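Here is the structure we will look at, set down as structure tokens.
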Amino acid sequence: MTGTPQVVVLGGTGLMAQAAAARLITAIVDAQAARGSASVVLTGGRNGNALLRALAASPARDAVDWTRLDLWWGDERFLPEGDPDRNYVQARAELLDQVPLDPARVHPMPYSGGPWGDDVDAAAAAYAAELAAAAGPAGPASPASHSPVPAFDVLLLGVGPDTHVASLFPEHPGVRETELTVVGVHGAPKPPPLRTSMTLPAIRAAREVWLLAAGEDKAGAVARALSGADGLQAPAAGARGRSRTLWLLDRAAASDLPAALRPPV
Ligand SMILES: O=C1O[C@H](COP(=O)(O)O)[C@@H](O)[C@H](O)[C@H]1O
């Protein structure tokens, strides 16, 4: 894992989303050139959706070979299949329905009422098995786990005002997980209470982890996570990529950062 996170601050929310979308297009194109295909883990929430919207609006999106892209999710709200609050449903509306993806390479997390009924832990285990199958025998094991996940090129994370990432909330059991790659989340402080989430070991298996935060309500969380908080109390602080950890902020989200951590805007 890389030691020092990189911080990039953009002028406003829209610019942050556009800059993140431009970087993501480049990262996907580079991965496809280097390895034949690319693998990206999507996030939900306001900033994740804004990135997808910016990507959909970008003429450069045609540089991506969408048929050679694997899409995974870092977390999901455990709700019925078509529920508009599901991260997958929102991602489809923002981008996925507008580009020629290979459906076999799109891996939404399970919904409630499907094969796993209301058993969120069974749903999480099924997603972990899907990740392990995609990783294959040569896939990188996450540091503390024997369950492999694919070598994600970029794993995106929104940062909540309480420093949560994916559905890993401060001091919750999921953030303490060291073996499993995906967990069922019970009693999440942000609705809905039932969720599935990748764990920190799975997140840390990604080549690059990008954390997105825009808006004044994120300023305290960003400052805490980047000022040496531990990953139990501030899950965002525990999210690191193997070769890069990049924070993409707007000016408001960066406003509480100590001067030493704030790059020139
Ligand atoms: O509920 C969730 O929240 C986080 C953060 O969302 P935001 O709207 O505060 O930016 C998101 O990253 C996560 O995927 C989602 O399930």
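Following the order of the structure tokens, first chain is A, next is B, and so on, with residues numbered from 1 inside each chain and ligands from 1 in the order they appear.
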- Item | In region 216-254 of chain A, DSSP alpha helix (DSSP H) residues written as a PyMOL selection string | chain A and resi 219-226
Those same residues, written as a tab-separated table (two decimals), in the first residue's frame with N, CA and C atoms?
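Resulting contents of selection_5.tsv:
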```tsv
chain	number	residue	atom	x	y	z
A	219	ALA	N	-16.33	18.54	4.95
A	219	ALA	CA	-15.04	19.15	5.32
A	219	ALA	C	-14.44	18.52	6.59
A	220	GLY	N	-15.28	18.33	7.62
A	220	GLY	CA	-14.78	17.76	8.87
A	220	GLY	C	-14.27	16.33	8.66
A	221	ALA	N	-15.02	15.55	7.89
A	221	ALA	CA	-14.64	14.15	7.66
A	221	ALA	C	-13.31	14.07	6.90
A	222	VAL	N	-13.17	14.92	5.90
A	222	VAL	CA	-11.94	14.92	5.10
A	222	VAL	C	-10.75	15.29	5.98
A	223	ALA	N	-10.92	16.31	6.79
A	223	ALA	CA	-9.81	16.75	7.66
A	223	ALA	C	-9.45	15.65	8.65
A	224	ARG	N	-10.44	15.00	9.25
A	224	ARG	CA	-10.14	13.93	10.22
A	224	ARG	C	-9.41	12.78	9.55
A	225	ALA	N	-9.94	12.34	8.40
A	225	ALA	CA	-9.37	11.15	7.75
A	225	ALA	C	-7.95	11.40	7.27
A	226	LEU	N	-7.66	12.66	6.88
A	226	LEU	CA	-6.32	12.94	6.34
A	226	LEU	C	-5.35	13.42	7.41
```
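Residues surrounding Pro189 (chain A) within 12 Å are Gly160, Pro161, Asp162, His164, Ser167, Leu168, Phe169, Pro170, Glu171, His172 and Arg195 of chain A [only C-alpha atoms; sequence separation below 6 positions excluded].
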Write a file of the selected residues as an mmCIF file, in the first residue's frame, keeping N, CA and C atoms.
```
data_model
loop_
_atom_site.group_PDB
_atom_site.id
_atom_site.type_symbol
_atom_site.label_atom_id
_atom_site.label_comp_id
_atom_site.auth_asym_id
_atom_site.auth_seq_id
_atom_site.Cartn_x
_atom_site.Cartn_y
_atom_site.Cartn_z
ATOM 1 N N GLY A 160 -18.558 9.778 3.359
ATOM 2 C CA GLY A 160 -19.714 10.335 4.071
ATOM 3 C C GLY A 160 -19.278 11.381 5.080
ATOM 4 N N PRO A 161 -20.221 12.232 5.530
ATOM 5 C CA PRO A 161 -19.896 13.276 6.509
ATOM 6 C C PRO A 161 -19.388 12.699 7.835
ATOM 7 N N ASP A 162 -19.646 11.396 8.076
ATOM 8 C CA ASP A 162 -19.154 10.744 9.301
ATOM 9 C C ASP A 162 -17.872 9.951 9.020
ATOM 10 N N HIS A 164 -17.598 7.638 6.717
ATOM 11 C CA HIS A 164 -17.805 6.290 6.185
ATOM 12 C C HIS A 164 -17.420 6.230 4.712
ATOM 13 N N SER A 167 -20.028 0.909 2.680
ATOM 14 C CA SER A 167 -20.960 0.930 3.824
ATOM 15 C C SER A 167 -20.216 0.496 5.075
ATOM 16 N N LEU A 168 -19.006 1.018 5.228
ATOM 17 C CA LEU A 168 -18.187 0.786 6.427
ATOM 18 C C LEU A 168 -18.284 2.040 7.283
ATOM 19 N N PHE A 169 -19.007 1.909 8.402
ATOM 20 C CA PHE A 169 -19.279 3.069 9.255
ATOM 21 C C PHE A 169 -18.348 3.050 10.476
ATOM 22 N N PRO A 170 -18.026 4.230 11.014
ATOM 23 C CA PRO A 170 -17.091 4.296 12.144
ATOM 24 C C PRO A 170 -17.494 3.352 13.276
ATOM 25 N N GLU A 171 -16.530 2.569 13.728
ATOM 26 C CA GLU A 171 -16.699 1.673 14.883
ATOM 27 C C GLU A 171 -17.690 0.533 14.657
ATOM 28 N N HIS A 172 -18.252 0.386 13.462
ATOM 29 C CA HIS A 172 -19.179 -0.718 13.189
ATOM 30 C C HIS A 172 -18.400 -2.009 12.953
ATOM 31 N N ARG A 195 -27.321 -3.348 4.402
ATOM 32 C CA ARG A 195 -26.465 -3.058 3.257
ATOM 33 C C ARG A 195 -25.476 -4.188 3.064
#
```
- Item | Contacts of region 124-131 of chain A at 10 Å (only C-alpha atoms; same-chain gap of 5+ positions) as a list of chain:residue names | A:Trp72, A:Trp73, A:Asp75, A:Glu76, A:Phe78, A:His107, A:Pro108, A:Met109, A:Pro110, A:Pro115, A:Trp116, A:Asp119, A:Gly136, A:Gly139, A:Ser147, A:Pro148, A:Val149, A:Pro150, A:Leu180, A:Thr181, A:Val182, A:Val183, A:Gly184, A:Val185, A:Arg195, A:Thr196, A:Ser197, A:Met198, A:Ala202
- Within 6 Å of ligand 1 (only C-alpha atoms and all ligand atoms), residues as a PyMOL selection string: chain A and resi 43-47+75-77+157-160+165-167
N, CA and C atoms of the current selection, written as an mmCIF file, in the first residue's frame:
```cif
data_model
loop_
_atom_site.group_PDB
_atom_site.id
_atom_site.type_symbol
_atom_site.label_atom_id
_atom_site.label_comp_id
_atom_site.auth_asym_id
_atom_site.auth_seq_id
_atom_site.Cartn_x
_atom_site.Cartn_y
_atom_site.Cartn_z
ATOM 1 N N THR A 43 -18.892 3.474 -6.745
ATOM 2 C CA THR A 43 -19.468 3.867 -5.463
ATOM 3 C C THR A 43 -20.824 4.502 -5.713
ATOM 4 N N GLY A 44 -21.651 4.526 -4.704
ATOM 5 C CA GLY A 44 -22.909 5.258 -4.812
ATOM 6 C C GLY A 44 -22.771 6.630 -4.187
ATOM 7 N N GLY A 45 -23.877 7.242 -3.861
ATOM 8 C CA GLY A 45 -23.865 8.544 -3.194
ATOM 9 C C GLY A 45 -23.793 9.691 -4.185
ATOM 10 N N ARG A 46 -23.882 10.902 -3.628
ATOM 11 C CA ARG A 46 -23.946 12.107 -4.470
ATOM 12 C C ARG A 46 -22.720 12.277 -5.349
ATOM 13 N N ASN A 47 -21.536 12.072 -4.770
ATOM 14 C CA ASN A 47 -20.322 12.329 -5.548
ATOM 15 C C ASN A 47 -20.048 11.243 -6.580
ATOM 16 N N ASP A 75 -20.300 -1.062 -2.474
ATOM 17 C CA ASP A 75 -21.359 -1.303 -1.497
ATOM 18 C C ASP A 75 -22.713 -1.160 -2.171
ATOM 19 N N GLU A 76 -23.715 -1.630 -1.468
ATOM 20 C CA GLU A 76 -25.077 -1.545 -1.994
ATOM 21 C C GLU A 76 -26.061 -1.447 -0.839
ATOM 22 N N ARG A 77 -27.118 -0.710 -1.084
ATOM 23 C CA ARG A 77 -28.241 -0.666 -0.138
ATOM 24 C C ARG A 77 -29.087 -1.908 -0.432
ATOM 25 N N LEU A 157 -14.586 5.577 -4.079
ATOM 26 C CA LEU A 157 -15.289 5.646 -2.796
ATOM 27 C C LEU A 157 -15.801 7.063 -2.570
ATOM 28 N N GLY A 158 -17.090 7.200 -2.276
ATOM 29 C CA GLY A 158 -17.569 8.465 -1.744
ATOM 30 C C GLY A 158 -17.222 8.495 -0.265
ATOM 31 N N VAL A 159 -17.086 9.686 0.276
ATOM 32 C CA VAL A 159 -16.782 9.822 1.705
ATOM 33 C C VAL A 159 -17.990 10.464 2.383
ATOM 34 N N GLY A 160 -18.558 9.778 3.359
ATOM 35 C CA GLY A 160 -19.714 10.335 4.071
ATOM 36 C C GLY A 160 -19.278 11.381 5.080
ATOM 37 N N VAL A 165 -16.931 5.069 4.313
ATOM 38 C CA VAL A 165 -16.694 4.767 2.896
ATOM 39 C C VAL A 165 -17.373 3.440 2.602
ATOM 40 N N ALA A 166 -17.796 3.245 1.340
ATOM 41 C CA ALA A 166 -18.646 2.106 0.988
ATOM 42 C C ALA A 166 -19.760 2.079 2.043
ATOM 43 N N SER A 167 -20.028 0.909 2.680
ATOM 44 C CA SER A 167 -20.960 0.930 3.824
ATOM 45 C C SER A 167 -20.216 0.496 5.075
#
```
- Message: Give me the residues near region 25-33 of chain A as a list in words, where near means some atom within 7 Å (using only C-alpha atoms) and where sequence neighbours in that chain fewer than 3 positions away do not count.
- Response: Ala21, Ala22, Gly36, Ser37, Ala38, Arg61, Ala63 and Val64 of chain A
Create the file for the chosen residues now, containing N, CA and C atoms and written as a short mmCIF file (atom, residue, chain, number, x, y, z; two decimals), in the first residue's frame.
```cif
data_model
loop_
_atom_site.label_atom_id
_atom_site.label_comp_id
_atom_site.auth_asym_id
_atom_site.auth_seq_id
_atom_site.Cartn_x
_atom_site.Cartn_y
_atom_site.Cartn_z
N ALA A 21 -14.04 12.30 -13.66
CA ALA A 21 -14.49 11.55 -14.85
C ALA A 21 -13.37 11.51 -15.89
N ALA A 22 -12.69 12.65 -16.10
CA ALA A 22 -11.60 12.69 -17.08
C ALA A 22 -10.48 11.74 -16.67
N GLY A 36 -5.45 -5.29 -21.68
CA GLY A 36 -6.53 -5.82 -22.51
C GLY A 36 -7.91 -5.45 -21.99
N SER A 37 -8.05 -5.34 -20.68
CA SER A 37 -9.34 -4.95 -20.11
C SER A 37 -9.09 -4.12 -18.86
N ALA A 38 -10.16 -3.52 -18.37
CA ALA A 38 -10.04 -2.70 -17.15
C ALA A 38 -11.10 -3.15 -16.16
N ARG A 61 -15.79 9.98 -23.58
CA ARG A 61 -16.24 8.63 -23.16
C ARG A 61 -16.12 7.63 -24.32
N ALA A 63 -13.65 7.17 -26.06
CA ALA A 63 -12.29 6.60 -26.08
C ALA A 63 -12.26 5.25 -25.35
N VAL A 64 -13.26 5.01 -24.52
CA VAL A 64 -13.30 3.76 -23.74
C VAL A 64 -13.90 2.64 -24.57
#
```
Residues of region 33-86 of chain A that have any atom at most 12 Å from an atom of region 2-16 of chain A: could you tabulate them with the shortest-distance atom pair and the distance in Å to one decimal, using only C-alpha atoms, ordered by chain and increasing number, as CSV?
```
residue,atom,partner,partner_atom,distance
A:Arg46,CA,A:Thr13,CA,10.1
A:Asn47,CA,A:Thr13,CA,8.2
A:Gly48,CA,A:Met16,CA,10.8
A:Asn49,CA,A:Gly14,CA,11.4
A:Ala50,CA,A:Gly14,CA,7.6
A:Leu51,CA,A:Met16,CA,8.1
A:Leu52,CA,A:Gly14,CA,11.6
A:Arg53,CA,A:Gly14,CA,10.0
A:Ala54,CA,A:Gly14,CA,8.1
A:Leu55,CA,A:Gly14,CA,11.6
A:Ala57,CA,A:Gly14,CA,12.0
```
Since we have the selection now, will you write its residues out, keeping N, CA and C atoms, as a PDB file, in the first residue's frame?
```
ATOM      1  N   ARG A  46     -23.882  10.902  -3.628  1.00  0.00           N
ATOM      2  CA  ARG A  46     -23.946  12.107  -4.470  1.00  0.00           C
ATOM      3  C   ARG A  46     -22.720  12.277  -5.349  1.00  0.00           C
ATOM      4  N   ASN A  47     -21.536  12.072  -4.770  1.00  0.00           N
ATOM      5  CA  ASN A  47     -20.322  12.329  -5.548  1.00  0.00           C
ATOM      6  C   ASN A  47     -20.048  11.243  -6.580  1.00  0.00           C
ATOM      7  N   GLY A  48     -20.329  10.006  -6.211  1.00  0.00           N
ATOM      8  CA  GLY A  48     -20.168   8.913  -7.178  1.00  0.00           C
ATOM      9  C   GLY A  48     -21.111   9.093  -8.360  1.00  0.00           C
ATOM     10  N   ASN A  49     -22.343   9.478  -8.067  1.00  0.00           N
ATOM     11  CA  ASN A  49     -23.311   9.683  -9.146  1.00  0.00           C
ATOM     12  C   ASN A  49     -22.928  10.893 -10.006  1.00  0.00           C
ATOM     13  N   ALA A  50     -22.398  11.937  -9.370  1.00  0.00           N
ATOM     14  CA  ALA A  50     -21.982  13.117 -10.142  1.00  0.00           C
ATOM     15  C   ALA A  50     -20.851  12.751 -11.103  1.00  0.00           C
ATOM     16  N   LEU A  51     -19.948  11.897 -10.651  1.00  0.00           N
ATOM     17  CA  LEU A  51     -18.858  11.453 -11.538  1.00  0.00           C
ATOM     18  C   LEU A  51     -19.433  10.711 -12.754  1.00  0.00           C
ATOM     19  N   LEU A  52     -20.369   9.794 -12.503  1.00  0.00           N
ATOM     20  CA  LEU A  52     -20.945   9.022 -13.620  1.00  0.00           C
ATOM     21  C   LEU A  52     -21.685   9.942 -14.591  1.00  0.00           C
ATOM     22  N   ARG A  53     -22.374  10.942 -14.029  1.00  0.00           N
ATOM     23  CA  ARG A  53     -23.097  11.911 -14.878  1.00  0.00           C
ATOM     24  C   ARG A  53     -22.110  12.692 -15.740  1.00  0.00           C
ATOM     25  N   ALA A  54     -20.999  13.105 -15.134  1.00  0.00           N
ATOM     26  CA  ALA A  54     -19.982  13.855 -15.891  1.00  0.00           C
ATOM     27  C   ALA A  54     -19.359  12.963 -16.960  1.00  0.00           C
ATOM     28  N   LEU A  55     -19.170  11.700 -16.623  1.00  0.00           N
ATOM     29  CA  LEU A  55     -18.586  10.781 -17.603  1.00  0.00           C
ATOM     30  C   LEU A  55     -19.539  10.600 -18.794  1.00  0.00           C
ATOM     31  N   ALA A  57     -21.577  12.704 -19.910  1.00  0.00           N
ATOM     32  CA  ALA A  57     -21.642  13.942 -20.699  1.00  0.00           C
ATOM     33  C   ALA A  57     -20.347  14.223 -21.452  1.00  0.00           C
TER      34      ALA A  57
END
```
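Closest approach to Ser39 (chain A) among A:Tyr88, A:Trp247, A:Tyr111, A:Trp66 is made by A:Trp66 (distances from only C-alpha atoms).
For the atom pair formed by CA of Leu194 (chain A) and CA of Gln98 (chain A), the distance is 29.2 Å, given to one decimal.
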- Could you state the separation of CA of Trp210 (chain A) and CA of Leu156 (chain A) in Å, given to one decimal place? 5.0 Å
- May I ask for the distance between CA of Pro59 (chain A) and CA of Pro100 (chain A), given in Å to one decimal place? 14.8 Å
Mind the document's chain letters and residue numbers, and return as an mmCIF file with N, CA and C atoms, in the first residue's frame the residues of region 121-204 of chain A that DSSP labels strand (DSSP E).
```
data_model
loop_
_atom_site.group_PDB
_atom_site.id
_atom_site.type_symbol
_atom_site.label_atom_id
_atom_site.label_comp_id
_atom_site.auth_asym_id
_atom_site.auth_seq_id
_atom_site.Cartn_x
_atom_site.Cartn_y
_atom_site.Cartn_z
ATOM 1 N N VAL A 154 -9.176 0.683 -10.624
ATOM 2 C CA VAL A 154 -9.567 1.864 -9.833
ATOM 3 C C VAL A 154 -10.769 1.488 -8.975
ATOM 4 N N LEU A 155 -10.689 1.792 -7.715
ATOM 5 C CA LEU A 155 -11.817 1.580 -6.800
ATOM 6 C C LEU A 155 -12.247 2.951 -6.288
ATOM 7 N N LEU A 156 -13.489 3.314 -6.580
ATOM 8 C CA LEU A 156 -14.018 4.634 -6.214
ATOM 9 C C LEU A 156 -14.760 4.558 -4.886
ATOM 10 N N LEU A 157 -14.586 5.577 -4.079
ATOM 11 C CA LEU A 157 -15.289 5.646 -2.796
ATOM 12 C C LEU A 157 -15.801 7.063 -2.570
ATOM 13 N N GLY A 158 -17.090 7.200 -2.276
ATOM 14 C CA GLY A 158 -17.569 8.465 -1.744
ATOM 15 C C GLY A 158 -17.222 8.495 -0.265
ATOM 16 N N VAL A 182 -16.384 -9.255 1.658
ATOM 17 C CA VAL A 182 -17.680 -8.560 1.602
ATOM 18 C C VAL A 182 -18.461 -8.945 2.851
ATOM 19 N N VAL A 183 -19.108 -7.973 3.460
ATOM 20 C CA VAL A 183 -19.911 -8.272 4.659
ATOM 21 C C VAL A 183 -21.336 -7.752 4.502
ATOM 22 N N GLY A 184 -22.240 -8.393 5.239
ATOM 23 C CA GLY A 184 -23.581 -7.854 5.394
ATOM 24 C C GLY A 184 -23.522 -6.826 6.514
ATOM 25 N N VAL A 185 -24.183 -5.695 6.280
ATOM 26 C CA VAL A 185 -24.179 -4.619 7.280
ATOM 27 C C VAL A 185 -25.577 -4.542 7.884
ATOM 28 N N ARG A 195 -27.321 -3.348 4.402
ATOM 29 C CA ARG A 195 -26.465 -3.058 3.257
ATOM 30 C C ARG A 195 -25.476 -4.188 3.064
ATOM 31 N N THR A 196 -24.826 -4.226 1.892
ATOM 32 C CA THR A 196 -23.662 -5.093 1.714
ATOM 33 C C THR A 196 -22.480 -4.182 1.408
ATOM 34 N N SER A 197 -21.304 -4.597 1.838
ATOM 35 C CA SER A 197 -20.141 -3.727 1.636
ATOM 36 C C SER A 197 -18.856 -4.525 1.472
ATOM 37 N N MET A 198 -18.003 -4.082 0.549
ATOM 38 C CA MET A 198 -16.625 -4.573 0.551
ATOM 39 C C MET A 198 -15.982 -4.125 1.861
#
```
